[in-house]
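Enquirer: Mind looking over this structure? Questions follow.
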Amino acid sequence: MENSMSKIQSNSIFQVDEHGYYGQFGGAYIPEMLHPNIEELQQNYLDIIYDESFQTEFLSLLKDYVGRPTPLYFANRLSTHFKTQIYLKREDLCHTGAHKVNNTIGQILLAKRLGKTRIIAETGAGQHGVATATVCALMNLPCVVYMGEVDIERQAPNVKRMQMLGAEVRPAKSGSRTLKDATNEAMRDWIANPVDTHYIIGSVVGPHPFPDMVARFQSVISKEIKIQLKEKTGNENPNYVVACVGGGSNAAGAFYHYLAEQNVQLIAVEAAGHGVNSGKSAATSQLGRVGVLHSSKTLFMQTEDGQVVEPHSISAGLDYPGIGPLHAHLFDTKRATFLSATDEEALQAVLLLARLEGIIPALESAHAIAALDKLKAKENEIVVLNLSGRGDKDLDTYIRELKL
Ligand SMILES: *Cc1c(COP(=O)(O)O)cnc(C)c1O
């Protein structure tokens, strides 16, 4: 797949540097006790993931287990509606229903090569927990998923899925009993079990090398888009690539091979919740300030004295108080344009896609659809939209909010 030259790609200012930074963002702000784990990863991850036997196993699982390549679908009626040319990258068709499994497969193969025998993860809504429990079942490794007590109550079906797959779901009972508390518990577990355990982080967040590693695993998305778009249009570059951003992993994957292509506009769509300035929002690039979140220097929503502000979005996957360091850098340098969509706009976009194309998207992905209105793309321009997941998991919300 990639040769040793593209391992580094230091020709691009949007690649991580040797110290783990994207511009001023990134790094590894970790407690002393985590140094051995993080250093082991930093020193080995590129050699391991670009090893031929790793690539063979990774690509074979992506093909036969996940169902890749996912289609690039020309959405005819959606295109007519928005008066432009729209292609959907169908990550919703991945096994387990979203792009997250691309990363968990990559990380579990890495863990095995590091000799790890136990996997831990954190999860908010449970989507990353399910994707992690799935690959642990596949590889016969014990799996502990930390989840806030409040989230365990809110997301009962995903808790049951993880348990069916053989994972243990451990409640985080401190603080607000949500994602950031689950993350703290997972970190504590890793410090206590540095030798046998790998911590699978679910997005392009956390200490270096996680943001870069996760982006590389997800980069299969834009690798496929280039090939598929060239086949369909004769040109591998669209005018726009659009993706929703929670922590930023599906967007990082969709943007990755376009980062250095300055004529391709990268559009990141955040969740505005009730409205960017409503006090109930997750539009973290607009509202955030620089600080350290989840062991990484990035933009996140915080109080005057640096406490994390609880975000709000109707979509669990976008309900995160920060963005990964790559996205903070893309925002800072204006390489990407950041738009947002409200809860209500996303819900309407769900119905729009269902009625126009017969595809029921995840609420997260619907934010990207909703932003098409604000893009003002011209009639002959080409827009690739990363449809990160399918809507099955959101059916209860759709029944309630759309009064079905
Ligand atoms: C988790 C999730 C997201 C948000 O996570 P990113 O890391 O920003 O991609 C988006 N879409 C779906 C379907 C998800 O499950």
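Every chain in the structure tokens has a letter given in the order shown (A, B, ...), and although residue numbers restart at 1 in each chain, ligands are simply numbered from 1 in the order shown.
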Return as a tab-separated table (two decimals) with N, CA, C and O atoms, in the first residue's frame the residues of protein, DNA or RNA that approach ligand 1 to within 6 Å, with only C-alpha atoms and all ligand atoms taken into account.
Expert:
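selection_27.tsv was written with the following content:
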```
chain	number	residue	atom	x	y	z
A	98	ALA	N	-20.54	1.98	10.81
A	98	ALA	CA	-19.86	3.27	10.71
A	98	ALA	C	-18.36	3.04	10.46
A	98	ALA	O	-17.88	1.90	10.47
A	127	GLN	N	-20.68	3.68	20.61
A	127	GLN	CA	-20.32	3.26	19.24
A	127	GLN	C	-18.88	2.76	19.17
A	127	GLN	O	-18.60	1.74	18.57
A	203	SER	N	-10.86	8.15	18.45
A	203	SER	CA	-10.89	9.21	17.45
A	203	SER	C	-9.48	9.81	17.34
A	203	SER	O	-8.55	9.31	17.97
A	245	VAL	N	-17.60	16.48	12.24
A	245	VAL	CA	-16.48	16.38	13.17
A	245	VAL	C	-16.98	16.28	14.61
A	245	VAL	O	-17.64	17.20	15.10
A	246	GLY	N	-16.66	15.15	15.25
A	246	GLY	CA	-16.83	15.04	16.69
A	246	GLY	C	-15.44	15.23	17.26
A	246	GLY	O	-14.99	16.34	17.54
A	247	GLY	N	-14.71	14.12	17.41
A	247	GLY	CA	-13.27	14.23	17.66
A	247	GLY	C	-12.52	14.47	16.36
A	247	GLY	O	-11.49	15.12	16.34
A	248	GLY	N	-13.09	13.93	15.28
A	248	GLY	CA	-12.55	14.23	13.95
A	248	GLY	C	-11.99	13.06	13.16
A	248	GLY	O	-11.30	13.28	12.16
A	249	SER	N	-12.31	11.81	13.53
A	249	SER	CA	-11.64	10.71	12.83
A	249	SER	C	-12.20	10.44	11.43
A	249	SER	O	-11.43	10.16	10.51
A	250	ASN	N	-13.52	10.52	11.25
A	250	ASN	CA	-14.01	10.26	9.89
A	250	ASN	C	-13.61	11.40	8.96
A	250	ASN	O	-13.27	11.17	7.79
A	251	ALA	N	-13.59	12.63	9.49
A	251	ALA	CA	-13.14	13.76	8.68
A	251	ALA	C	-11.65	13.63	8.35
A	251	ALA	O	-11.23	13.85	7.21
A	317	GLY	N	-22.33	11.08	18.93
A	317	GLY	CA	-20.97	11.02	18.40
A	317	GLY	C	-20.33	12.39	18.23
A	317	GLY	O	-19.11	12.50	18.08
A	318	LEU	N	-21.14	13.46	18.19
A	318	LEU	CA	-20.58	14.81	18.03
A	318	LEU	C	-20.57	15.57	19.36
A	318	LEU	O	-20.16	16.73	19.42
A	362	ALA	N	-26.91	8.16	9.96
A	362	ALA	CA	-26.69	8.44	11.38
A	362	ALA	C	-26.89	9.94	11.60
A	362	ALA	O	-26.68	10.75	10.70
A	364	GLU	N	-25.04	11.93	13.23
A	364	GLU	CA	-23.76	12.63	13.03
A	364	GLU	C	-23.62	13.01	11.56
A	364	GLU	O	-23.40	14.18	11.21
A	365	SER	N	-23.77	12.01	10.68
A	365	SER	CA	-23.60	12.23	9.24
A	365	SER	C	-24.61	13.24	8.70
A	365	SER	O	-24.32	13.97	7.75
A	388	SER	N	-20.71	9.06	7.34
A	388	SER	CA	-19.92	8.31	8.33
A	388	SER	C	-20.64	7.09	8.91
A	388	SER	O	-20.01	6.12	9.31
A	389	GLY	N	-21.98	7.12	8.97
A	389	GLY	CA	-22.66	5.97	9.58
A	389	GLY	C	-24.13	5.89	9.23
A	389	GLY	O	-24.71	6.83	8.67
```
Enquirer: Write down as a list in words the residues of stretch 159-234 of chain A whose backbone DSSP state falls under strand (DSSP E).
Expert: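 The strand (DSSP E) subset of stretch 159-234 of chain A is Glu168, Val169, Arg170, Pro171, Ala172, Thr197, His198 and Tyr199 of chain A.
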Enquirer: Generate the output file for the selected residues, C-alpha atoms, as a PDB file, in the first residue's frame.
Expert:
```
ATOM      1  CA  GLU A 168     -17.034  -6.079  30.215  1.00  0.00           C
ATOM      2  CA  VAL A 169     -18.611  -2.608  30.535  1.00  0.00           C
ATOM      3  CA  ARG A 170     -17.288  -0.796  33.623  1.00  0.00           C
ATOM      4  CA  PRO A 171     -19.216   2.249  34.860  1.00  0.00           C
ATOM      5  CA  ALA A 172     -17.354   5.519  35.509  1.00  0.00           C
ATOM      6  CA  THR A 197      -2.718  -3.724  28.038  1.00  0.00           C
ATOM      7  CA  HIS A 198      -3.350  -1.589  24.942  1.00  0.00           C
ATOM      8  CA  TYR A 199      -5.749   1.356  25.138  1.00  0.00           C
TER       9      TYR A 199
END
```
Enquirer: As a PyMOL selection string, please: every residue in stretch 189-276 of chain A that a backbone DSSP assignment puts in alpha helix (DSSP H).
Expert: chain A and resi 189-192+210-218+220-233+249-255
Enquirer: Write out, as a compact mmCIF listing (two decimals), in the first residue's frame, the residues just selected, with N, CA, C and O atoms.
Expert:
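Listing of selection05.txt after writing:
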```
# COMPACT_ATOMS: atom_id res chain seq x y z
N ASP A 189 -6.57 2.89 34.39
CA ASP A 189 -6.39 1.45 34.15
C ASP A 189 -5.08 1.20 33.40
O ASP A 189 -4.30 0.30 33.74
N TRP A 190 -4.81 2.04 32.39
CA TRP A 190 -3.61 1.84 31.56
C TRP A 190 -2.34 2.04 32.39
O TRP A 190 -1.38 1.29 32.26
N ILE A 191 -2.37 3.05 33.26
CA ILE A 191 -1.22 3.30 34.14
C ILE A 191 -0.99 2.09 35.05
O ILE A 191 0.15 1.69 35.28
N ALA A 192 -2.08 1.48 35.52
CA ALA A 192 -1.96 0.34 36.43
C ALA A 192 -1.56 -0.94 35.70
O ALA A 192 -1.04 -1.87 36.32
N PHE A 210 -1.51 8.84 19.02
CA PHE A 210 -2.87 8.42 18.67
C PHE A 210 -3.50 9.23 17.54
O PHE A 210 -4.05 8.64 16.60
N PRO A 211 -3.46 10.58 17.57
CA PRO A 211 -4.13 11.31 16.49
C PRO A 211 -3.59 10.93 15.10
O PRO A 211 -4.37 10.71 14.16
N ASP A 212 -2.27 10.81 14.99
CA ASP A 212 -1.68 10.46 13.70
C ASP A 212 -1.99 9.01 13.33
O ASP A 212 -2.31 8.71 12.18
N MET A 213 -1.91 8.13 14.31
CA MET A 213 -2.14 6.70 14.04
C MET A 213 -3.58 6.47 13.58
O MET A 213 -3.83 5.79 12.59
N VAL A 214 -4.54 7.07 14.30
CA VAL A 214 -5.95 6.89 13.94
C VAL A 214 -6.22 7.51 12.57
O VAL A 214 -6.94 6.92 11.74
N ALA A 215 -5.63 8.67 12.29
CA ALA A 215 -5.81 9.31 10.97
C ALA A 215 -5.29 8.39 9.86
O ALA A 215 -5.90 8.27 8.80
N ARG A 216 -4.15 7.75 10.10
CA ARG A 216 -3.60 6.85 9.08
C ARG A 216 -4.50 5.64 8.85
O ARG A 216 -4.71 5.22 7.71
N PHE A 217 -5.07 5.07 9.93
CA PHE A 217 -5.99 3.94 9.74
C PHE A 217 -7.24 4.39 8.98
O PHE A 217 -7.74 3.68 8.12
N GLN A 218 -7.74 5.57 9.29
CA GLN A 218 -8.96 6.05 8.62
C GLN A 218 -8.67 6.58 7.22
O GLN A 218 -9.59 6.77 6.43
N VAL A 220 -7.76 5.26 4.71
CA VAL A 220 -8.24 4.37 3.65
C VAL A 220 -9.46 5.00 2.96
O VAL A 220 -9.71 4.76 1.78
N ILE A 221 -10.19 5.83 3.70
CA ILE A 221 -11.40 6.46 3.13
C ILE A 221 -11.02 7.35 1.93
O ILE A 221 -11.56 7.20 0.83
N SER A 222 -10.07 8.29 2.13
CA SER A 222 -9.73 9.18 1.03
C SER A 222 -8.88 8.48 -0.03
O SER A 222 -8.89 8.87 -1.20
N LYS A 223 -8.18 7.43 0.37
CA LYS A 223 -7.43 6.66 -0.62
C LYS A 223 -8.41 6.05 -1.63
O LYS A 223 -8.21 6.12 -2.85
N GLU A 224 -9.51 5.49 -1.11
CA GLU A 224 -10.52 4.91 -1.98
C GLU A 224 -11.26 5.99 -2.78
O GLU A 224 -11.55 5.80 -3.96
N ILE A 225 -11.56 7.12 -2.14
CA ILE A 225 -12.29 8.19 -2.84
C ILE A 225 -11.51 8.61 -4.10
O ILE A 225 -12.08 8.76 -5.18
N LYS A 226 -10.20 8.77 -3.96
CA LYS A 226 -9.40 9.21 -5.10
C LYS A 226 -9.53 8.25 -6.28
O LYS A 226 -9.72 8.68 -7.43
N ILE A 227 -9.41 6.96 -5.99
CA ILE A 227 -9.51 5.95 -7.05
C ILE A 227 -10.91 5.95 -7.66
O ILE A 227 -11.09 5.96 -8.88
N GLN A 228 -11.92 5.97 -6.79
CA GLN A 228 -13.30 5.86 -7.25
C GLN A 228 -13.76 7.10 -8.01
O GLN A 228 -14.47 7.00 -9.02
N LEU A 229 -13.34 8.27 -7.54
CA LEU A 229 -13.76 9.50 -8.22
C LEU A 229 -13.10 9.62 -9.58
O LEU A 229 -13.71 10.06 -10.56
N LYS A 230 -11.86 9.19 -9.65
CA LYS A 230 -11.13 9.20 -10.93
C LYS A 230 -11.86 8.30 -11.94
O LYS A 230 -12.04 8.67 -13.10
N GLU A 231 -12.28 7.13 -11.45
CA GLU A 231 -13.02 6.19 -12.31
C GLU A 231 -14.30 6.82 -12.83
O GLU A 231 -14.68 6.65 -13.97
N LYS A 232 -14.99 7.56 -11.96
CA LYS A 232 -16.31 8.07 -12.31
C LYS A 232 -16.27 9.39 -13.07
O LYS A 232 -17.16 9.67 -13.86
N THR A 233 -15.26 10.22 -12.79
CA THR A 233 -15.27 11.56 -13.38
C THR A 233 -14.01 11.87 -14.18
O THR A 233 -13.94 12.91 -14.82
N SER A 249 -12.31 11.81 13.53
CA SER A 249 -11.64 10.71 12.83
C SER A 249 -12.20 10.44 11.43
O SER A 249 -11.43 10.16 10.51
N ASN A 250 -13.52 10.52 11.25
CA ASN A 250 -14.01 10.26 9.89
C ASN A 250 -13.61 11.40 8.96
O ASN A 250 -13.27 11.17 7.79
N ALA A 251 -13.59 12.63 9.49
CA ALA A 251 -13.14 13.76 8.68
C ALA A 251 -11.65 13.63 8.35
O ALA A 251 -11.23 13.85 7.21
N ALA A 252 -10.85 13.22 9.33
CA ALA A 252 -9.41 13.06 9.08
C ALA A 252 -9.19 12.02 7.99
O ALA A 252 -8.33 12.20 7.11
N GLY A 253 -9.96 10.95 8.03
CA GLY A 253 -9.83 9.91 7.01
C GLY A 253 -10.24 10.40 5.63
O GLY A 253 -9.60 10.08 4.62
N ALA A 254 -11.32 11.17 5.57
CA ALA A 254 -11.82 11.68 4.29
C ALA A 254 -10.92 12.79 3.74
O ALA A 254 -10.79 12.96 2.52
N PHE A 255 -10.27 13.55 4.62
CA PHE A 255 -9.41 14.66 4.19
C PHE A 255 -7.99 14.20 3.84
O PHE A 255 -7.29 14.85 3.06
```
Enquirer: For atom CA of A:Ser219 and atom CA of A:Gly358, determine how far apart the two atoms are, in Å to one decimal place.
Expert: 27.1 Å
Enquirer: Give me, as a list in words, all polymer residues having an atom no more than 7 Å from A:Asp151, counting only C-alpha atoms and skipping those fewer than 6 positions away in the same chain.
Expert: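 Once the adjacent positions are removed, what remains is Gly124, Ala125 and Thr178 of chain A.
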Enquirer: Considering only C-alpha atoms, return as a list in words whatever protein or nucleic-acid residues lie within 8 Å of A:Leu179, sequence-local ones (same chain, fewer than 4 positions apart) excluded.
Expert: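 Counting only C-alpha atoms, the residues come to Glu122, Thr123, Gly124, Met147, Gly148, Asp151 and Thr183 of chain A.
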Enquirer: Take the selection from the previous step and output its residues with all heavy atoms, as a short mmCIF file (atom, residue, chain, number, x, y, z; two decimals), in the first residue's frame.
Expert:
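What follows is the written file part_39.cif:
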```cif
data_model
loop_
_atom_site.label_atom_id
_atom_site.label_comp_id
_atom_site.auth_asym_id
_atom_site.auth_seq_id
_atom_site.Cartn_x
_atom_site.Cartn_y
_atom_site.Cartn_z
N GLU A 122 -12.51 3.61 26.02
CA GLU A 122 -13.53 4.45 26.63
C GLU A 122 -14.63 4.63 25.59
O GLU A 122 -14.39 4.53 24.38
CB GLU A 122 -12.95 5.82 27.00
CG GLU A 122 -12.94 6.87 25.87
CD GLU A 122 -12.07 6.52 24.67
OE1 GLU A 122 -11.10 5.76 24.83
OE2 GLU A 122 -12.36 7.01 23.56
N THR A 123 -15.84 4.86 26.05
CA THR A 123 -16.88 5.15 25.06
C THR A 123 -17.90 6.12 25.65
O THR A 123 -18.10 6.14 26.87
CB THR A 123 -17.55 3.84 24.57
OG1 THR A 123 -18.27 4.09 23.37
CG2 THR A 123 -18.49 3.25 25.62
N GLY A 124 -18.48 6.94 24.78
CA GLY A 124 -19.50 7.88 25.22
C GLY A 124 -20.85 7.24 24.93
O GLY A 124 -21.50 6.66 25.80
N MET A 147 -17.33 3.37 30.64
CA MET A 147 -18.46 4.16 30.14
C MET A 147 -19.08 4.88 31.34
O MET A 147 -19.23 4.27 32.41
CB MET A 147 -19.47 3.21 29.49
CG MET A 147 -20.59 3.84 28.72
SD MET A 147 -21.45 2.56 27.75
CE MET A 147 -22.63 3.60 26.88
N GLY A 148 -19.40 6.16 31.16
CA GLY A 148 -20.02 6.91 32.24
C GLY A 148 -21.34 6.27 32.66
O GLY A 148 -22.07 5.74 31.83
N ASP A 151 -24.24 7.59 30.78
CA ASP A 151 -24.30 7.08 29.40
C ASP A 151 -24.78 5.63 29.36
O ASP A 151 -25.47 5.23 28.41
CB ASP A 151 -22.92 7.19 28.73
CG ASP A 151 -22.54 8.64 28.47
OD1 ASP A 151 -23.46 9.47 28.30
OD2 ASP A 151 -21.33 8.95 28.44
N THR A 183 -12.97 8.40 30.13
CA THR A 183 -11.60 8.55 29.63
C THR A 183 -10.60 8.54 30.78
O THR A 183 -9.56 7.88 30.70
CB THR A 183 -11.48 9.87 28.84
OG1 THR A 183 -12.43 9.83 27.77
CG2 THR A 183 -10.10 10.06 28.27
#
```
Enquirer: Please indicate the distance in Å from atom CA of A:Thr298 to atom CA of A:His329, rounded to one decimal place.
Expert: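 That distance, rounded to one decimal, is 8.4 Å.
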Enquirer: Set the distance at 8 Å and use only C-alpha atoms: which residues neighbour A:Pro325 once local chain neighbours fewer than 5 positions away are removed? I'd like the list as an NGL selection string.
Expert: :A and (21-22 or 25-26 or 204-205 or 211 or 296-299)
Enquirer: Could you check the closest approach to A:Thr104 for each of A:Leu46, A:Ile200, A:Leu372, A:Leu266 and tell me which residue wins, using only C-alpha atoms?
Expert: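 Using only C-alpha atoms, A:Thr104 sits closest to A:Ile200.
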Enquirer: Check the smallest atom-to-atom distance from each of A:Ile323, A:Ala28, A:Ala371, A:Ala316 to A:Gln42 using only C-alpha atoms, then report the winner.
Expert: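 Closest residue, counting only C-alpha atoms: A:Ala28.
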Enquirer: So, with only C-alpha atoms as the atoms that count, which of A:Gly234, A:Gly391, A:Gly126, A:Gly322 lies closest to A:Ala354?
Expert: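 Among the listed residues, A:Gly391 lies closest to A:Ala354.
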Enquirer: So which residues touch A:Ile105 within 7 Å, counting only C-alpha atoms, skipping near sequence neighbours fewer than 4 positions away, as number ranges by chain?
Expert: A: 101, 109, 135
Enquirer: Output the selection as an mmCIF file, in the first residue's frame - N, CA, C and O atoms for each residue.
Expert:
```cif
data_model
loop_
_atom_site.group_PDB
_atom_site.id
_atom_site.type_symbol
_atom_site.label_atom_id
_atom_site.label_comp_id
_atom_site.auth_asym_id
_atom_site.auth_seq_id
_atom_site.Cartn_x
_atom_site.Cartn_y
_atom_site.Cartn_z
ATOM 1 N N VAL A 101 -14.833 1.145 12.868
ATOM 2 C CA VAL A 101 -14.194 -0.172 12.846
ATOM 3 C C VAL A 101 -12.874 -0.153 12.050
ATOM 4 O O VAL A 101 -11.990 -0.968 12.307
ATOM 5 N N LEU A 109 -4.628 -5.016 15.647
ATOM 6 C CA LEU A 109 -3.499 -5.694 14.995
ATOM 7 C C LEU A 109 -2.177 -5.157 15.546
ATOM 8 O O LEU A 109 -1.219 -5.907 15.761
ATOM 9 N N VAL A 135 -13.853 -6.194 17.519
ATOM 10 C CA VAL A 135 -12.541 -6.705 17.090
ATOM 11 C C VAL A 135 -11.883 -7.544 18.183
ATOM 12 O O VAL A 135 -11.068 -8.417 17.885
#
```
Enquirer: Neighbouring residues of A:Phe14 were defined as those with any atom within 10 Å, considering only C-alpha atoms; residues of the same chain fewer than 6 positions away were excluded. Please report them as a ChimeraX atom specification.
Expert: /A:21-23,256,259-260,326-327,329-330,333,335
Enquirer: Write out, as a compact mmCIF listing (two decimals), in the first residue's frame, the residues just selected, with N, CA, C and O atoms.
Expert:
```txt
# COMPACT_ATOMS: atom_id res chain seq x y z
N TYR A 21 3.45 17.19 16.86
CA TYR A 21 2.66 18.42 16.76
C TYR A 21 2.18 18.70 15.34
O TYR A 21 2.88 18.42 14.36
N TYR A 22 0.97 19.26 15.27
CA TYR A 22 0.46 19.88 14.05
C TYR A 22 0.47 21.38 14.33
O TYR A 22 -0.39 21.87 15.07
N GLY A 23 1.48 22.10 13.78
CA GLY A 23 1.61 23.51 14.17
C GLY A 23 1.80 23.58 15.67
O GLY A 23 2.65 22.90 16.24
N TYR A 256 -7.54 13.11 4.48
CA TYR A 256 -6.12 12.77 4.58
C TYR A 256 -5.33 12.94 3.28
O TYR A 256 -4.35 13.67 3.23
N LEU A 259 -5.03 16.62 1.96
CA LEU A 259 -4.52 17.71 2.81
C LEU A 259 -3.59 18.65 2.05
O LEU A 259 -3.64 19.87 2.22
N ALA A 260 -2.75 18.06 1.19
CA ALA A 260 -1.77 18.88 0.47
C ALA A 260 -2.31 19.39 -0.87
O ALA A 260 -1.62 20.10 -1.59
N LEU A 326 -5.12 17.82 14.81
CA LEU A 326 -5.06 18.06 13.36
C LEU A 326 -6.13 19.07 12.95
O LEU A 326 -5.86 20.02 12.21
N HIS A 327 -7.33 18.88 13.46
CA HIS A 327 -8.43 19.78 13.08
C HIS A 327 -8.23 21.18 13.66
O HIS A 327 -8.57 22.17 13.01
N HIS A 329 -5.45 22.56 13.99
CA HIS A 329 -4.46 23.16 13.07
C HIS A 329 -5.09 23.54 11.72
O HIS A 329 -4.81 24.61 11.18
N LEU A 330 -5.98 22.69 11.23
CA LEU A 330 -6.67 23.00 9.96
C LEU A 330 -7.54 24.24 10.13
O LEU A 330 -7.68 25.06 9.22
N THR A 333 -5.05 27.42 10.55
CA THR A 333 -4.39 27.80 9.29
C THR A 333 -5.40 28.09 8.19
O THR A 333 -5.02 28.41 7.06
N ARG A 335 -6.94 26.02 6.52
CA ARG A 335 -6.91 25.01 5.45
C ARG A 335 -8.29 24.37 5.30
O ARG A 335 -8.69 24.00 4.20
```
Enquirer: I need the residue nearest A:His294 from this list: A:Lys173, A:Ile201, A:Val276, A:Leu339. Use only C-alpha atoms for the distance.
Expert: A:Ile201
